[in-house]
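Structure file upload.cif (mmCIF, C-alpha atoms) is printed below.
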data_work
loop_
_atom_site.label_atom_id
_atom_site.label_comp_id
_atom_site.auth_asym_id
_atom_site.auth_seq_id
_atom_site.Cartn_x
_atom_site.Cartn_y
_atom_site.Cartn_z
CA MET Z 104 0.00 0.00 0.00
CA ALA Z 105 1.19 3.46 -0.80
CA GLU Z 106 1.54 5.94 2.01
CA THR Z 107 -1.39 8.22 2.77
CA LYS Z 108 -0.81 11.45 0.97
CA ALA Z 109 -2.05 14.88 1.96
CA PRO Z 110 -5.20 15.68 0.01
CA ALA Z 111 -4.43 17.16 -3.36
CA GLU Z 112 -4.96 20.88 -3.85
CA ARG Z 113 -8.25 20.63 -5.63
CA PRO Z 114 -10.06 23.71 -6.86
CA LEU Z 115 -12.93 24.72 -4.61
CA SER Z 116 -16.08 26.37 -5.79
CA PRO Z 117 -15.42 30.07 -6.29
CA HIS Z 118 -16.29 32.40 -3.45
CA LEU Z 119 -17.91 35.84 -3.52
CA PHE Z 120 -14.75 37.78 -4.22
CA ILE Z 121 -14.02 36.30 -7.63
CA TYR Z 122 -17.24 37.68 -9.10
CA ARG Z 123 -17.51 41.16 -10.58
CA PRO Z 124 -19.75 43.06 -8.14
CA MET Z 125 -23.27 43.40 -9.49
CA LEU Z 126 -26.17 45.42 -8.17
CA THR Z 127 -28.42 42.45 -7.38
CA MET Z 128 -25.56 40.71 -5.57
CA MET Z 129 -24.71 43.80 -3.52
CA MET Z 130 -28.39 44.21 -2.63
CA SER Z 131 -28.50 40.61 -1.39
CA ILE Z 132 -25.49 41.27 0.86
CA VAL Z 133 -26.91 44.59 2.06
CA HIS Z 134 -30.24 42.90 2.87
CA ARG Z 135 -28.43 40.58 5.26
CA ILE Z 136 -26.28 43.37 6.75
CA THR Z 137 -29.31 45.62 7.35
CA GLY Z 138 -31.13 42.66 8.92
CA ALA Z 139 -28.23 42.08 11.33
CA ALA Z 140 -28.03 45.81 12.12
CA LEU Z 141 -31.77 45.97 12.83
CA TYR Z 142 -31.34 42.96 15.14
CA PHE Z 143 -29.17 45.06 17.43
CA GLY Z 144 -31.23 48.16 16.69
CA THR Z 145 -34.13 46.59 18.59
CA LEU Z 146 -32.08 47.37 21.73
CA LEU Z 147 -32.83 51.04 21.01
CA VAL Z 148 -36.55 50.30 20.76
CA ALA Z 149 -36.50 48.33 24.03
CA TRP Z 150 -34.45 51.08 25.73
CA TRP Z 151 -36.87 53.76 24.48
CA LEU Z 152 -39.95 51.85 25.69
CA LEU Z 153 -38.39 50.98 29.07
CA ALA Z 154 -37.30 54.59 29.55
CA ALA Z 155 -40.83 55.81 28.81
CA ALA Z 156 -42.22 53.26 31.28
CA SER Z 157 -39.65 54.21 33.94
CA GLY Z 158 -40.51 57.89 34.20
CA PRO Z 159 -39.75 61.43 32.99
CA LYS Z 160 -36.07 61.39 34.02
CA PRO Z 161 -34.99 58.20 32.18
CA TYR Z 162 -37.07 59.35 29.22
CA ALA Z 163 -35.25 62.68 29.16
CA GLY Z 164 -32.00 60.69 29.30
CA ILE Z 165 -32.65 58.76 26.10
CA GLY Z 166 -34.02 61.97 24.57
CA SER Z 167 -30.77 63.83 25.09
CA PHE Z 168 -28.78 60.90 23.66
CA MET Z 169 -31.00 60.72 20.57
CA ASN Z 170 -30.71 64.49 20.11
CA SER Z 171 -26.91 64.34 20.07
CA PHE Z 172 -25.12 64.13 16.73
CA PHE Z 173 -24.11 60.51 17.38
CA GLY Z 174 -27.64 59.60 18.46
CA ARG Z 175 -29.15 61.14 15.34
CA LEU Z 176 -26.61 59.39 13.16
CA ILE Z 177 -27.61 56.04 14.67
CA LEU Z 178 -31.30 56.88 14.26
CA PHE Z 179 -30.78 57.93 10.64
CA GLY Z 180 -28.94 54.67 9.94
CA TYR Z 181 -31.65 52.72 11.73
CA THR Z 182 -34.35 54.43 9.64
CA TRP Z 183 -32.58 53.61 6.40
CA ALA Z 184 -31.83 50.01 7.44
CA LEU Z 185 -35.48 49.54 8.41
CA MET Z 186 -36.79 50.92 5.11
CA HIS Z 187 -34.20 49.06 3.05
CA HIS Z 188 -34.84 45.73 4.74
CA MET Z 189 -38.61 46.23 4.50
CA LEU Z 190 -38.51 46.98 0.75
CA GLY Z 191 -35.95 44.19 0.22
CA GLY Z 192 -38.34 41.87 2.05
CA ILE Z 193 -41.19 42.88 -0.24
CA ARG Z 194 -38.86 42.11 -3.17
CA HIS Z 195 -38.33 38.63 -1.72
CA LEU Z 196 -42.08 38.15 -1.28
CA ILE Z 197 -42.55 39.05 -4.96
CA TRP Z 198 -39.90 36.47 -5.88
CA ASP Z 199 -41.76 33.93 -3.72
CA THR Z 200 -44.64 34.11 -6.20
CA GLY Z 201 -42.22 33.14 -8.98
CA ARG Z 202 -42.25 36.59 -10.57
CA GLY Z 203 -39.53 39.18 -11.05
CA PHE Z 204 -36.64 36.91 -11.99
CA GLY Z 205 -36.06 38.22 -15.53
CA PRO Z 206 -32.82 40.13 -16.18
CA HIS Z 207 -34.59 43.48 -16.52
CA GLU Z 208 -37.09 42.85 -13.74
CA ARG Z 209 -34.48 41.95 -11.15
CA GLU Z 210 -32.33 44.96 -12.06
CA TRP Z 211 -35.39 47.19 -11.84
CA LEU Z 212 -36.39 45.70 -8.47
CA ALA Z 213 -32.89 46.24 -7.10
CA MET Z 214 -32.86 49.88 -8.22
CA ALA Z 215 -36.41 50.43 -6.91
CA ASN Z 216 -35.33 48.97 -3.56
CA LEU Z 217 -32.34 51.32 -3.30
CA VAL Z 218 -34.09 54.47 -4.54
CA GLY Z 219 -37.18 53.65 -2.49
CA SER Z 220 -35.29 53.13 0.76
CA ILE Z 221 -33.31 56.37 0.41
CA SER Z 222 -36.42 58.36 -0.58
CA LEU Z 223 -38.51 56.98 2.29
CA THR Z 224 -35.71 57.66 4.79
CA VAL Z 225 -35.37 61.28 3.66
CA LEU Z 226 -39.16 61.69 3.64
CA ILE Z 227 -39.51 60.31 7.19
CA TRP Z 228 -36.80 62.67 8.45
CA ILE Z 229 -38.33 65.71 6.73
CA VAL Z 230 -41.71 64.88 8.29
CA GLY Z 231 -39.96 64.24 11.61
CA TYR Z 232 -38.29 67.65 11.60
CA LEU Z 233 -41.56 69.33 10.58
CA PHE Z 234 -43.28 67.63 13.55
CA ILE Z 235 -40.62 68.70 16.04
CA GLY Z 236 -40.68 72.25 14.65
CA GLY Z 237 -44.47 72.39 14.74
CA PRO Z 238 -46.73 73.47 17.61
CA ARG Z 239 -46.92 71.25 20.65
CA MET I 125 -34.85 1.87 9.60
CA PRO I 126 -37.26 1.27 6.71
CA PHE I 127 -35.95 -0.23 3.50
CA GLY I 128 -34.61 2.38 1.15
CA ASP I 129 -33.96 4.99 3.83
CA MET I 130 -30.49 6.28 3.07
CA SER I 131 -30.19 8.58 6.10
CA THR I 132 -27.81 7.79 8.93
CA PRO I 133 -28.99 7.19 12.52
CA LEU I 134 -27.07 10.33 13.53
CA LYS I 135 -29.72 12.47 11.91
CA HIS I 136 -32.38 11.01 14.19
CA VAL I 137 -30.21 11.27 17.30
CA ARG I 138 -29.18 14.90 16.99
CA GLY I 139 -32.64 16.15 16.25
CA LEU I 140 -31.11 19.25 14.70
CA GLY I 141 -31.90 18.48 11.11
CA PRO I 142 -34.88 19.68 9.16
CA ALA I 143 -36.69 16.36 9.66
CA LYS I 144 -40.47 16.86 9.75
CA SER I 145 -40.16 20.62 10.23
CA GLY I 146 -38.30 21.72 7.11
CA THR I 147 -40.90 24.22 5.97
CA ASP I 148 -41.73 25.53 9.45
CA HIS I 149 -38.73 27.86 9.53
CA PHE I 150 -39.47 29.15 6.03
CA TRP I 151 -43.16 29.62 6.76
CA ARG I 152 -42.67 31.48 10.04
CA GLN I 153 -40.04 33.67 8.42
CA ARG I 154 -42.44 34.67 5.61
CA LEU I 155 -45.43 34.98 7.95
CA THR I 156 -43.62 37.46 10.20
CA ALA I 157 -42.17 39.20 7.12
CA VAL I 158 -45.67 39.87 5.80
CA ALA I 159 -46.82 41.02 9.25
CA ASN I 160 -43.77 43.25 9.64
CA VAL I 161 -44.63 45.41 6.63
CA PRO I 162 -47.82 47.10 7.96
CA LEU I 163 -46.54 46.93 11.55
CA THR I 164 -43.27 48.67 10.64
CA ILE I 165 -45.14 51.40 8.75
CA ALA I 166 -47.38 51.88 11.80
CA PHE I 167 -44.32 51.90 14.10
CA VAL I 168 -42.64 54.65 12.05
CA PHE I 169 -45.84 56.74 12.14
CA ILE I 170 -46.09 56.30 15.92
CA VAL I 171 -42.44 57.26 16.53
CA VAL I 172 -42.66 60.32 14.27
CA ALA I 173 -45.89 61.41 15.99
CA LEU I 174 -44.15 61.16 19.39
CA LEU I 175 -41.04 63.15 18.40
CA GLY I 176 -40.44 66.13 20.66
CA ARG I 177 -43.43 65.43 22.92
CA ASN I 178 -43.01 65.51 26.67
CA HIS I 179 -43.05 62.36 28.80
CA ALA I 180 -46.67 62.66 29.92
CA ALA I 181 -47.90 62.90 26.34
CA VAL I 182 -45.74 59.96 25.25
CA VAL I 183 -47.10 57.79 28.10
CA GLN I 184 -50.65 58.83 27.20
CA ILE I 185 -50.24 57.91 23.52
CA LEU I 186 -48.12 54.75 23.88
CA GLY I 187 -50.40 53.50 26.64
CA SER I 188 -53.64 53.97 24.71
CA PRO I 189 -55.18 50.59 23.82
CA LEU I 190 -54.89 50.77 20.02
CA ILE I 191 -51.29 52.03 19.98
CA ALA I 192 -50.27 49.58 22.73
CA VAL I 193 -51.70 46.61 20.80
CA ILE I 194 -50.02 47.72 17.55
CA MET I 195 -46.71 48.11 19.41
CA LEU I 196 -47.10 44.67 21.04
CA LEU I 197 -47.80 43.05 17.67
CA PHE I 198 -44.81 44.88 16.18
CA ILE I 199 -42.51 43.69 18.97
CA ILE I 200 -43.68 40.06 18.83
CA SER I 201 -43.47 39.84 15.05
CA VAL I 202 -40.11 41.62 14.80
CA THR I 203 -38.37 39.67 17.57
CA THR I 204 -39.63 36.37 16.11
CA HIS I 205 -38.47 37.39 12.63
CA MET I 206 -35.05 38.55 13.79
CA ARG I 207 -34.45 35.39 15.84
CA ILE I 208 -35.08 33.23 12.77
CA GLY I 209 -32.98 35.52 10.58
CA MET I 210 -29.99 35.61 12.92
CA GLN I 211 -30.21 31.82 13.25
CA VAL I 212 -29.66 31.52 9.49
CA ILE I 213 -26.71 33.93 9.62
CA ILE I 214 -25.10 31.94 12.46
CA GLU I 215 -25.67 28.62 10.69
CA ASP I 216 -24.14 30.06 7.51
CA TYR I 217 -20.94 31.42 9.02
CA VAL I 218 -20.20 29.55 12.26
CA HIS I 219 -19.03 26.01 11.58
CA ASP I 220 -17.51 25.07 14.93
CA GLU I 221 -20.23 22.98 16.61
CA ALA I 222 -19.72 24.21 20.18
CA ARG I 223 -19.46 27.84 19.16
CA LYS I 224 -22.49 27.52 16.92
CA LEU I 225 -24.55 26.00 19.72
CA VAL I 226 -23.57 28.78 22.15
CA MET I 227 -24.41 31.45 19.60
CA LEU I 228 -27.77 29.86 18.73
CA VAL I 229 -28.67 29.80 22.43
CA ALA I 230 -27.49 33.40 22.88
CA ASN I 231 -29.55 34.40 19.84
CA THR I 232 -32.76 33.04 21.35
CA PHE I 233 -31.97 34.55 24.75
CA PHE I 234 -31.36 37.95 23.16
CA ALA I 235 -34.54 37.91 21.08
CA VAL I 236 -36.69 36.75 24.00
CA ALA I 237 -35.13 39.27 26.40
CA VAL I 238 -35.57 42.21 24.02
CA GLY I 239 -39.11 41.11 23.16
CA LEU I 240 -40.18 40.57 26.75
CA ALA I 241 -38.58 43.81 28.03
CA SER I 242 -40.32 45.80 25.30
CA ALA I 243 -43.66 44.07 25.85
CA PHE I 244 -43.37 44.60 29.61
CA ALA I 245 -42.68 48.31 29.07
CA ILE I 246 -45.70 48.68 26.76
CA LEU I 247 -47.97 46.91 29.26
CA THR I 248 -46.62 49.05 32.12
CA LEU I 249 -47.36 52.19 30.09
CA SER I 250 -50.91 51.11 29.30
CA PHE I 251 -51.62 50.34 32.98
CA LYS I 252 -50.39 53.81 33.89
CA VAL I 253 -52.89 55.51 31.60
#
Rewrite the coordinates I just gave you, this time as structure tokens.
Amino acid sequence: MAETKAPAERPLSPHLFIYRPMLTMMMSIVHRITGAALYFGTLLVAWWLLAAASGPKPYAGIGSFMNSFFGRLILFGYTWALMHHMLGGIRHLIWDTGRGFGPHEREWLAMANLVGSISLTVLIWIVGYLFIGGPR
Amino acid sequence: MPFGDMSTPLKHVRGLGPAKSGTDHFWRQRLTAVANVPLTIAFVFIVVALLGRNHAAVVQILGSPLIAVIMLLFIISVTTHMRIGMQVIIEDYVHDEARKLVMLVANTFFAVAVGLASAFAILTLSFKV
């Protein structure tokens, strides 16, 4: 019997990095990243609700954090991630029906997802600022 | 083992495979996804409407029955959805069995803790009103 040799260097199936980046592929990756970000973003929601339930002082505490530049940056990112993941999810639900897989359709869906999420985020923040600026 | 069954006994022992519940994960993921769409839109409306209001007003609005129920549904659906989603991410990238198991347990703990804390806060608010 011949001696056991180390396994030959066989080619493995190509990984992500060998492909030329394409919009639909980037959107798939971003869908997962936004999902993971929203996972930890729920801590903000829980913190906000617990602060409101705890009383005026804790509520003012989270308010001052959210009003800081860093807080607003996180909130803006959270808004976009939420809108992007929601629209991306709707895209997946459309695919579940067996539609939207054609080359033009999937490109269009990817663009609509991106443009839609950015537009909705900006719209929400404009309305948000109008509300804060408005009468109380 | 019935004739023609090619699966190994290990599959039955570990109980971690998709045996008998293969579509359950998929179905729950889609079910909560569909629920999340209107609930997320409602959540954004609620948050925007509460921006800049004082604590008393926020308690009043969040604690009102309709808003409280919408918020509870949002929390339940979202934490269920995110637990399933993170499970897939862990199973995709973590291949060390012990580490994977720890992370899957931590994932469920996190989702349940966040969900329960949020739900508790909403209920507390509605009992204050």
Using only C-alpha atoms, determine which residues lie at most 12 Å from region 211-228 of chain I, disregarding the query and same-chain residues fewer than 6 positions distant; provide the list as an MDAnalysis selection string.
-> (chainID Z and resid 132 134:136 138:139 142) or (chainID I and resid 140:141 149:150 153 204:205 234:235)
Using all atoms listed in the file, determine which residues of chain Z fall within 6 Å of chain I; present them as an NGL selection string.
-> :Z and (142 or 149 or 152-153 or 156 or 159 or 231 or 235)
Between CA of Ala181 (chain I) and CA of Val236 (chain I), distance in Å (one decimal) =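 A separation of 28.5 Å between them.
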Evaluate the PyMOL selection byres ((chain Z and resi 180) around 12) and record the selected residues as number ranges by chain, following the chain and residue labels used in the document.
-> Z: 137, 140-141, 144, 173-179, 181-188, 220-221, 224-225, 228
Please write as a PyMOL selection string the full residue list that the PyMOL selection byres ((chain Z and resi 216) around 10) yields on this file.
-> chain Z and resi 130+186-194+210-215+217-222
Of the candidates Z:Ile165, Z:Arg123, Z:Leu115, Z:Arg209, which one gets nearest to His195 (chain Z) if we count only C-alpha atoms?
->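 Checking each of Z:Ile165, Z:Arg123, Z:Leu115, Z:Arg209 against His195 (chain Z), counting only C-alpha atoms, the winner is Z:Arg209.
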CA of Phe233 (chain I) to CA of Lys160 (chain Z), distance in Å rounded to a single decimal | 28.7 Å
d(CA of His207 (chain Z), CA of Met128 (chain Z)) in Å |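 That distance, rounded to one decimal, is 14.5 Å.
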